[in-house]
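upload19.cif (mmCIF, C-alpha atoms and all ligand atoms) appears below.
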```
data_target
#
loop_
_atom_site.label_atom_id
_atom_site.label_comp_id
_atom_site.auth_asym_id
_atom_site.auth_seq_id
_atom_site.Cartn_x
_atom_site.Cartn_y
_atom_site.Cartn_z
CA MET J 185 9.65 137.86 -163.21
CA ASP J 186 12.96 137.96 -165.07
CA LYS J 187 15.60 135.59 -163.79
CA PHE J 188 18.26 137.39 -161.85
CA TYR J 189 21.74 136.39 -160.81
CA ILE J 190 24.25 137.17 -158.08
CA GLY J 191 28.03 137.15 -157.86
CA GLY J 192 30.31 135.92 -155.11
CA ILE J 193 33.97 136.81 -154.65
CA ASP J 194 36.41 135.19 -152.23
CA ILE J 195 39.71 136.99 -151.65
CA GLY J 196 42.56 135.13 -150.00
CA GLY J 197 46.28 135.79 -149.59
CA THR J 198 47.23 133.37 -152.36
CA LYS J 199 44.15 133.05 -154.58
CA ILE J 200 40.90 134.74 -155.43
CA ALA J 201 37.71 133.02 -156.62
CA ALA J 202 34.64 134.36 -158.39
CA ALA J 203 31.31 132.55 -158.63
CA VAL J 204 28.05 133.31 -160.38
CA ALA J 205 24.76 131.88 -159.11
CA GLY J 206 21.12 131.82 -160.11
CA PRO J 207 18.01 130.56 -158.28
CA ASP J 208 19.10 126.93 -158.68
CA GLY J 209 22.59 127.44 -157.30
CA PRO J 210 26.16 128.36 -158.26
CA MET J 211 26.76 127.96 -162.00
CA ILE J 212 30.49 128.50 -162.28
CA ARG J 213 33.51 129.27 -160.10
CA LEU J 214 36.83 130.58 -161.45
CA VAL J 215 40.09 130.87 -159.52
CA GLN J 216 43.24 132.99 -160.05
CA PRO J 217 46.38 133.80 -158.03
CA THR J 218 45.90 137.02 -156.02
CA ALA J 219 47.29 140.13 -157.80
CA LYS J 220 50.06 141.71 -155.74
CA THR J 221 51.77 144.08 -158.19
CA GLY J 222 50.84 147.42 -159.78
CA LYS J 223 48.58 149.99 -158.14
CA ALA J 224 46.51 149.23 -155.04
CA ARG J 225 43.41 149.09 -157.28
CA ALA J 226 44.91 146.09 -159.11
CA LEU J 227 43.41 143.48 -156.79
CA PRO J 228 39.80 144.75 -156.77
CA GLU J 229 40.00 145.29 -160.53
CA GLN J 230 41.19 141.71 -160.88
CA THR J 231 38.12 140.49 -158.93
CA VAL J 232 35.84 142.45 -161.30
CA SER J 233 37.54 140.96 -164.40
CA LEU J 234 37.34 137.45 -162.95
CA LEU J 235 33.65 137.93 -162.16
CA GLU J 236 33.11 139.20 -165.73
CA ALA J 237 34.85 136.09 -167.07
CA ALA J 238 32.64 133.91 -164.84
CA CYS J 239 29.54 135.70 -166.20
CA GLU J 240 30.68 135.07 -169.74
CA ARG J 241 31.21 131.37 -169.02
CA ALA J 242 27.74 131.22 -167.43
CA GLY J 243 26.26 132.83 -170.55
CA ILE J 244 25.10 136.07 -168.91
CA THR J 245 26.34 139.68 -168.87
CA LYS J 246 27.84 141.43 -165.87
CA ASP J 247 24.78 143.70 -165.76
CA ALA J 248 22.58 140.68 -164.97
CA LEU J 249 24.23 140.50 -161.52
CA LYS J 250 21.84 142.20 -159.13
CA ALA J 251 24.20 141.97 -156.18
CA VAL J 252 27.72 140.89 -155.30
CA GLY J 253 28.83 139.35 -152.01
CA VAL J 254 32.48 139.42 -151.03
CA SER J 255 34.28 137.31 -148.46
CA SER J 256 37.81 138.51 -147.87
CA CYS J 257 40.74 137.91 -145.60
CA GLY J 258 41.16 140.82 -143.18
CA PRO J 259 41.82 142.98 -141.36
CA PHE J 260 39.79 145.81 -142.89
CA ALA J 261 40.21 149.56 -142.45
CA THR J 262 37.31 151.97 -142.94
CA VAL J 263 38.28 155.06 -144.96
CA ASP J 264 35.56 157.69 -145.65
CA GLY J 265 32.90 155.11 -144.78
CA LEU J 266 34.18 152.55 -147.28
CA LEU J 267 35.85 149.23 -146.45
CA ASN J 268 39.49 148.90 -147.47
CA LEU J 269 41.69 145.85 -147.14
CA ALA J 270 44.60 146.27 -144.74
CA THR J 271 45.89 142.71 -144.93
CA PRO J 272 49.59 142.21 -144.05
CA ASN J 273 49.66 139.09 -146.32
CA ILE J 274 48.79 141.24 -149.37
CA CYS J 275 49.71 144.86 -148.52
CA GLY J 276 53.51 145.22 -148.62
CA GLY J 277 53.38 148.73 -147.14
CA ARG J 278 52.07 147.50 -143.78
CA THR J 279 55.21 145.84 -142.40
CA PRO J 280 58.71 147.34 -142.71
CA ASP J 281 60.43 144.01 -143.49
CA SER J 282 57.76 142.77 -145.91
CA ASP J 283 58.94 140.74 -148.92
CA LEU J 284 55.78 141.49 -150.96
CA PRO J 285 56.26 143.14 -154.39
CA ASN J 286 54.18 146.25 -153.55
CA ASP J 287 54.02 149.15 -151.08
CA TRP J 288 50.25 149.11 -150.62
CA VAL J 289 49.01 150.26 -147.22
CA VAL J 290 45.32 149.81 -147.96
CA ILE J 291 43.40 148.45 -150.97
CA PRO J 292 40.23 150.39 -151.96
CA LEU J 293 38.10 147.26 -152.30
CA GLU J 294 34.62 148.65 -151.70
CA GLN J 295 35.20 151.81 -153.76
CA VAL J 296 36.27 149.89 -156.90
CA LEU J 297 33.47 147.33 -156.58
CA ARG J 298 30.87 150.10 -156.20
CA GLU J 299 32.05 151.61 -159.49
CA HIS J 300 30.89 148.37 -161.15
CA PHE J 301 28.03 147.00 -159.05
CA GLU J 302 25.06 148.68 -157.41
CA HIS J 303 24.68 146.35 -154.45
CA VAL J 304 27.85 145.09 -152.74
CA VAL J 305 28.18 143.36 -149.34
CA ILE J 306 31.66 142.70 -147.94
CA GLU J 307 32.49 140.51 -144.94
CA ASN J 308 35.57 138.97 -143.41
CA ASP J 309 36.04 135.45 -144.85
CA CYS J 310 35.49 133.75 -141.49
CA VAL J 311 32.31 135.77 -140.96
CA ALA J 312 31.11 134.69 -144.43
CA ALA J 313 31.96 131.07 -143.58
CA LEU J 314 30.08 131.40 -140.26
CA ILE J 315 27.03 132.71 -142.10
CA ALA J 316 27.28 129.79 -144.57
CA GLU J 317 27.54 127.25 -141.74
CA ARG J 318 24.58 128.89 -139.98
CA THR J 319 22.53 128.87 -143.19
CA TYR J 320 23.39 125.43 -144.62
CA GLY J 321 25.94 123.69 -142.44
CA ALA J 322 26.86 122.60 -138.92
CA LEU J 323 25.57 125.68 -137.07
CA GLN J 324 21.94 125.79 -138.17
CA ASP J 325 19.67 126.79 -135.28
CA VAL J 326 22.60 127.53 -132.89
CA ALA J 327 22.33 131.12 -131.63
CA ASP J 328 25.61 131.15 -129.66
CA CYS J 329 28.33 129.75 -131.83
CA ALA J 330 31.63 130.35 -133.56
CA TYR J 331 33.29 129.32 -136.79
CA VAL J 332 37.00 128.64 -136.51
CA THR J 333 39.49 127.88 -139.24
CA TRP J 334 42.73 126.15 -138.28
CA SER J 335 44.80 126.25 -141.41
CA THR J 336 47.89 128.21 -142.55
CA GLY J 337 46.44 130.97 -140.37
CA ILE J 338 43.86 130.87 -137.59
CA GLY J 339 40.62 132.79 -137.91
CA PHE J 340 37.42 133.09 -135.90
CA ALA J 341 33.93 134.43 -136.45
CA LEU J 342 31.61 134.87 -133.52
CA CYS J 343 27.86 134.80 -133.05
CA VAL J 344 26.14 135.78 -129.79
CA ASP J 345 22.36 135.64 -129.20
CA GLY J 346 21.94 135.02 -132.93
CA HIS J 347 23.89 138.17 -133.87
CA VAL J 348 27.07 137.84 -135.88
CA LEU J 349 29.68 140.14 -134.29
CA ARG J 350 31.36 142.65 -136.60
CA GLY J 351 32.90 145.52 -134.60
CA LYS J 352 33.97 149.03 -135.57
CA HIS J 353 35.75 148.09 -138.82
CA GLY J 354 34.28 144.62 -139.40
CA ASN J 355 37.28 143.05 -137.67
CA ALA J 356 35.57 141.27 -134.75
CA GLY J 357 36.87 137.71 -134.48
CA HIS J 358 40.56 138.31 -135.15
CA ALA J 359 41.14 136.23 -132.04
CA GLY J 360 44.02 134.46 -133.79
CA HIS J 361 46.01 137.50 -132.69
CA MET J 362 45.08 137.20 -128.99
CA LEU J 363 48.24 137.18 -126.91
CA MET J 364 48.78 133.92 -125.06
CA SER J 365 52.40 133.29 -124.09
CA GLU J 366 55.00 135.51 -122.44
CA SER J 367 57.76 132.96 -122.72
CA ASP J 368 57.40 131.44 -126.18
CA PRO J 369 59.37 133.40 -128.83
CA ALA J 370 57.05 132.29 -131.70
CA LYS J 371 56.39 135.32 -133.93
CA CYS J 372 53.23 135.89 -135.96
CA GLY J 373 53.13 137.58 -139.41
CA CYS J 374 51.21 140.41 -137.72
CA GLY J 375 54.26 141.28 -135.62
CA ASN J 376 52.98 139.84 -132.32
CA VAL J 377 55.08 137.42 -130.33
CA GLY J 378 53.26 134.57 -128.60
CA ASP J 379 49.80 135.05 -130.10
CA VAL J 380 47.48 132.15 -130.99
CA GLU J 381 48.45 132.13 -134.66
CA ALA J 382 52.18 132.19 -133.85
CA LEU J 383 51.75 129.32 -131.39
CA CYS J 384 49.67 126.92 -133.45
CA SER J 385 48.88 127.94 -137.04
CA GLY J 386 50.02 125.76 -139.94
CA ARG J 387 52.46 128.50 -140.96
CA HIS J 388 54.39 128.09 -137.71
CA LEU J 389 53.65 124.52 -136.65
CA GLY J 390 56.78 122.37 -136.82
CA LYS J 391 59.23 125.29 -137.06
CA ARG J 392 60.87 124.36 -133.79
CA LEU J 393 61.65 120.87 -135.14
CA ASN J 394 62.55 122.18 -138.62
CA MET J 395 59.60 120.38 -140.16
CA SER J 396 56.61 121.48 -142.23
CA ALA J 397 53.24 121.40 -140.47
CA SER J 398 52.06 118.41 -142.47
CA ASP J 399 55.31 116.45 -141.81
CA LEU J 400 54.98 117.24 -138.13
CA LEU J 401 51.35 116.13 -137.97
CA ASN J 402 52.08 112.96 -139.93
CA ALA J 403 55.00 112.16 -137.63
CA ALA J 404 52.72 112.70 -134.62
CA HIS J 405 50.16 110.33 -136.16
CA ALA J 406 52.92 107.75 -136.55
CA GLY J 407 53.71 108.06 -132.84
CA ASP J 408 56.94 110.14 -132.98
CA LYS J 409 57.39 111.40 -129.41
CA ALA J 410 58.90 114.82 -130.16
CA ALA J 411 56.29 115.49 -132.83
CA LEU J 412 53.47 114.40 -130.51
CA GLU J 413 54.71 116.76 -127.81
CA GLU J 414 54.85 119.64 -130.28
CA VAL J 415 51.33 118.91 -131.53
CA ARG J 416 50.06 118.62 -127.94
CA ARG J 417 51.44 122.09 -127.14
CA ALA J 418 49.80 123.61 -130.21
CA ALA J 419 46.45 121.94 -129.49
CA GLN J 420 46.68 123.15 -125.89
CA TRP J 421 47.11 126.77 -126.98
CA PHE J 422 44.28 126.40 -129.46
CA GLY J 423 42.05 124.86 -126.77
CA ARG J 424 42.86 127.70 -124.39
CA ALA J 425 41.84 130.20 -127.06
CA LEU J 426 38.47 128.39 -127.35
CA TYR J 427 38.14 128.38 -123.56
CA ASN J 428 38.85 132.15 -123.41
CA LEU J 429 36.15 132.76 -126.02
CA THR J 430 33.69 130.50 -124.17
CA ALA J 431 34.36 132.41 -120.95
CA THR J 432 33.91 135.74 -122.74
CA LEU J 433 30.92 134.99 -124.97
CA ASP J 434 29.17 131.96 -123.40
CA THR J 435 29.56 130.04 -126.65
CA ARG J 436 27.59 126.79 -127.11
CA CYS J 437 29.16 125.32 -130.23
CA PHE J 438 32.41 125.72 -132.21
CA ALA J 439 32.43 124.54 -135.84
CA ILE J 440 36.04 124.05 -136.88
CA GLY J 441 37.33 123.92 -140.43
CA GLY J 442 40.66 124.46 -142.18
CA THR J 443 43.19 121.92 -143.43
CA VAL J 444 44.94 121.28 -140.10
CA TRP J 445 41.64 120.35 -138.44
CA MET J 446 40.18 118.65 -141.51
CA TYR J 447 43.03 116.14 -141.72
CA HIS J 448 44.13 115.86 -138.08
CA GLY J 449 41.05 116.66 -136.03
CA ASP J 450 40.99 113.17 -134.49
CA LEU J 451 44.46 113.73 -133.01
CA LEU J 452 43.75 117.29 -131.86
CA LEU J 453 40.17 117.05 -130.56
CA PRO J 454 40.78 115.26 -127.21
CA ILE J 455 43.50 117.77 -126.26
CA VAL J 456 41.43 120.78 -127.30
CA ARG J 457 38.34 119.43 -125.55
CA HIS J 458 40.28 118.85 -122.32
CA GLU J 459 41.50 122.48 -122.30
CA ILE J 460 37.88 123.63 -122.30
CA GLU J 461 36.24 120.99 -120.12
CA SER J 462 38.89 121.02 -117.37
CA ARG J 463 38.00 124.62 -116.47
CA LEU J 464 35.07 126.33 -114.77
CA PRO J 465 32.22 123.84 -115.40
CA ALA J 466 29.58 126.54 -114.84
CA LEU J 467 30.76 128.11 -118.10
CA THR J 468 32.06 125.16 -120.07
CA GLU J 469 29.50 122.38 -119.46
CA GLY J 470 27.80 121.34 -122.68
CA VAL J 471 30.12 123.23 -125.02
CA SER J 472 30.40 121.23 -128.22
CA ILE J 473 33.04 121.11 -130.94
CA VAL J 474 31.91 119.95 -134.38
CA ARG J 475 33.49 119.68 -137.79
CA ALA J 476 32.56 122.50 -140.19
CA ALA J 477 30.26 120.97 -142.81
CA LEU J 478 31.00 122.99 -145.95
CA GLY J 479 34.74 122.38 -146.19
CA ARG J 480 37.00 124.66 -148.20
CA LEU J 481 34.04 126.17 -150.05
CA ALA J 482 32.53 127.73 -146.89
CA PRO J 483 33.83 131.29 -147.65
CA ASP J 484 32.63 131.03 -151.29
CA ILE J 485 29.19 129.77 -150.28
CA GLY J 486 29.24 132.49 -147.60
CA SER J 487 29.90 135.22 -150.17
CA LEU J 488 26.78 134.11 -152.06
CA CYS J 489 24.80 133.83 -148.78
CA LEU J 490 25.44 137.54 -148.16
CA VAL J 491 23.28 138.55 -151.13
CA SER J 492 21.02 135.58 -151.98
CA PRO J 493 17.26 135.94 -151.41
CA PRO J 494 15.72 133.83 -148.59
CA GLU J 495 13.66 131.78 -151.04
CA TRP J 496 16.84 130.69 -152.85
CA GLN J 497 18.36 129.72 -149.52
CA GLN J 498 15.37 127.57 -148.67
CA HIS J 499 15.70 125.81 -152.02
CA TRP J 500 19.51 125.41 -151.72
CA ARG J 501 19.16 123.96 -148.22
CA GLN J 502 17.27 121.06 -149.77
CA THR J 503 19.44 120.61 -152.87
CA SER J 504 23.02 121.51 -151.71
CA PRO J 505 23.77 122.81 -155.24
CA TRP J 506 27.34 123.89 -154.37
CA GLN J 507 28.39 120.23 -154.38
CA LYS J 508 29.06 120.41 -158.09
CA LEU J 509 31.79 122.98 -157.34
CA MET J 510 33.54 120.65 -154.85
ZN ZN J 601 49.20 137.64 -135.01
#
```

Can you turn what I pasted into structure tokens?
Amino acid sequence: MDKFYIGGIDIGGTKIAAAVAGPDGPMIRLVQPTAKTGKARALPEQTVSLLEAACERAGITKDALKAVGVSSCGPFATVDGLLNLATPNICGGRTPDSDLPNDWVVIPLEQVLREHFEHVVIENDCVAALIAERTYGALQDVADCAYVTWSTGIGFALCVDGHVLRGKHGNAGHAGHMLMSESDPAKCGCGNVGDVEALCSGRHLGKRLNMSASDLLNAAHAGDKAALEEVRRAAQWFGRALYNLTATLDTRCFAIGGTVWMYHGDLLLPIVRHEIESRLPALTEGVSIVRAALGRLAPDIGSLCLVSPPEWQQHWRQTSPWQKLM
């Protein structure tokens, strides 16, 4: 049989990445800043060009790609049965006071990709990361689990009875926008006041003390009282979000990634754990919190997982070939 190849695209608010992989693993990964000017097609066309460039560097043609997996920040909007991006961080037309250099309301992601590739699978980036962690990482053999990223933003992906939840537009898991506080004026980029992301994401952490999130977390590590109190509040809100999901979905294990957790998990974990374990033991007993195993590459590995054949996955599980991209 002829060798065949697959492509993986990861779309974020600040950068996009394109990877090409063969049976033995990812061969190349290229990164560019996310296009935010021109027509709404500009971004998907940029992903196609970047994937073409990755093919060239890997010594193959674009036509050798039998399938392309895409992991993208959401939310999505379905228009005529095709997935469009409706992301406030990229689409300037979605919020009246946006400072983005475009007036895009939706981006025709699936339509443009289908003009170039026969087989395309698109998932939310947290869903792709969840699938990667379930295939190769910290959530193997756990049927009731969630992937959570605590970074600039806060994202979730949820799995119940072994089924990854997707919802009517593929937006299941946007629990970062669950409303939590009536009294806290923290405002999220989505427009909500007092939602999980506004209360504890890296974008907002430290605002009250006029500090960046990393300065705040470092000050807390060093024992600064005001910083510690601020971090405790954020971790409490985050823990309550995990409790709410446990109560709703009967989750067994949360794998948490993202820069805030990656660097400060030791400080945050006891507070988060207490928020879960101090409530309703019948629901919360035995719930575990683990560190996501695939790090910042989880969405990229996830995009490849969406379209890689099972026999490749078996092979990759033994060889961890993505490590050369780390
Ligand atoms: Zn929000």

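Closest approach to ligand ZN 601 (chain J) among J:Gly209, J:Pro272, J:Gly373, J:Gly197 is made by J:Gly373 (distances from all atoms listed in the file).
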
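All protein, DNA and RNA residues at most 9 Å from (24.1, 129.4, -130.5) are Leu323, Gln324, Asp325, Val326, Ala327, Asp328, Cys329, Ala330, Cys343, Val344, Asp345, Gly346, Thr435, Arg436 and Cys437 of chain J, using only C-alpha atoms.
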
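Nearest residue to ligand ZN 601 (chain J), choosing from J:Ala382, J:Ala316, J:Ala238, J:Ile190 and counting all atoms listed in the file: J:Ala382.
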
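Counting all atoms listed in the file, the residue from J:Asp194, J:Asp368, J:Asp379, J:Glu299 that sits nearest to ligand ZN 601 (chain J) is J:Asp379.
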
Enumerate residues in contact with ligand ZN 601 (chain J): an atom-to-atom distance of at most 8 Å, counting all atoms listed in the file. Format the result as a PyMOL selection string.
-> chain J and resi 360-362+371-377+379-382

With the cut-off set at 8 Å and counting all atoms listed in the file, tabulate each residue of range 212-258 of chain J with an atom at most that distance from an atom of range 275-287 of chain J, showing the nearest atom pair and its distance in Å to one decimal, ordered by chain and increasing number, as JSON lines.
```
{"residue": "J:Lys220", "atom": "CA", "partner": "J:Pro285", "partner_atom": "CA", "distance": 6.5}
{"residue": "J:Thr221", "atom": "CA", "partner": "J:Asn286", "partner_atom": "CA", "distance": 5.7}
{"residue": "J:Gly222", "atom": "CA", "partner": "J:Asn286", "partner_atom": "CA", "distance": 7.2}
```

Distance query Ala477 in chain J at most 10 Å, only C-alpha atoms, self and fewer than 3 positions along chain excluded, as a compact mmCIF listing (two decimals) with C-alpha atoms, in the coordinates of the input:
```txt
# COMPACT_ATOMS: atom_id res chain seq x y z
CA ALA J 316 27.28 129.79 -144.57
CA GLU J 317 27.54 127.25 -141.74
CA TYR J 320 23.39 125.43 -144.62
CA GLY J 321 25.94 123.69 -142.44
CA ALA J 322 26.86 122.60 -138.92
CA LEU J 323 25.57 125.68 -137.07
CA ALA J 439 32.43 124.54 -135.84
CA ILE J 440 36.04 124.05 -136.88
CA GLY J 441 37.33 123.92 -140.43
CA VAL J 474 31.91 119.95 -134.38
CA ARG J 480 37.00 124.66 -148.20
CA LEU J 481 34.04 126.17 -150.05
CA ALA J 482 32.53 127.73 -146.89
```

Option closest in space to Gly386 in chain J, from J:Ile244, J:Leu400, J:Ala406, J:Ile485 [counting only C-alpha atoms] | J:Leu400

Calculate how many Å separate CA of Thr245 in chain J from CA of Leu488 in chain J, rounding to one decimal.
-> 17.7 Å

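Put simply, CA of Thr319 in chain J is 21.8 Å away from CA of Leu249 in chain J.
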
If you take every atom of range 359-362 of chain J that the file lists and fit an axis-aligned box around them with 3 Å extra on each side, what centre and edge lengths come out in Å to one decimal, as JSON?
```
{"center_x": 43.6, "center_y": 136.0, "center_z": -131.4, "size_x": 10.9, "size_y": 9.0, "size_z": 10.8}
```

Any idea what's packed within 8 Å of Phe301 in chain J, counting all atoms listed in the file, ignoring anything in its chain fewer than 3 positions away? Could you give it as an NGL selection string?
-> :J and (249-252 or 297-298 or 304)
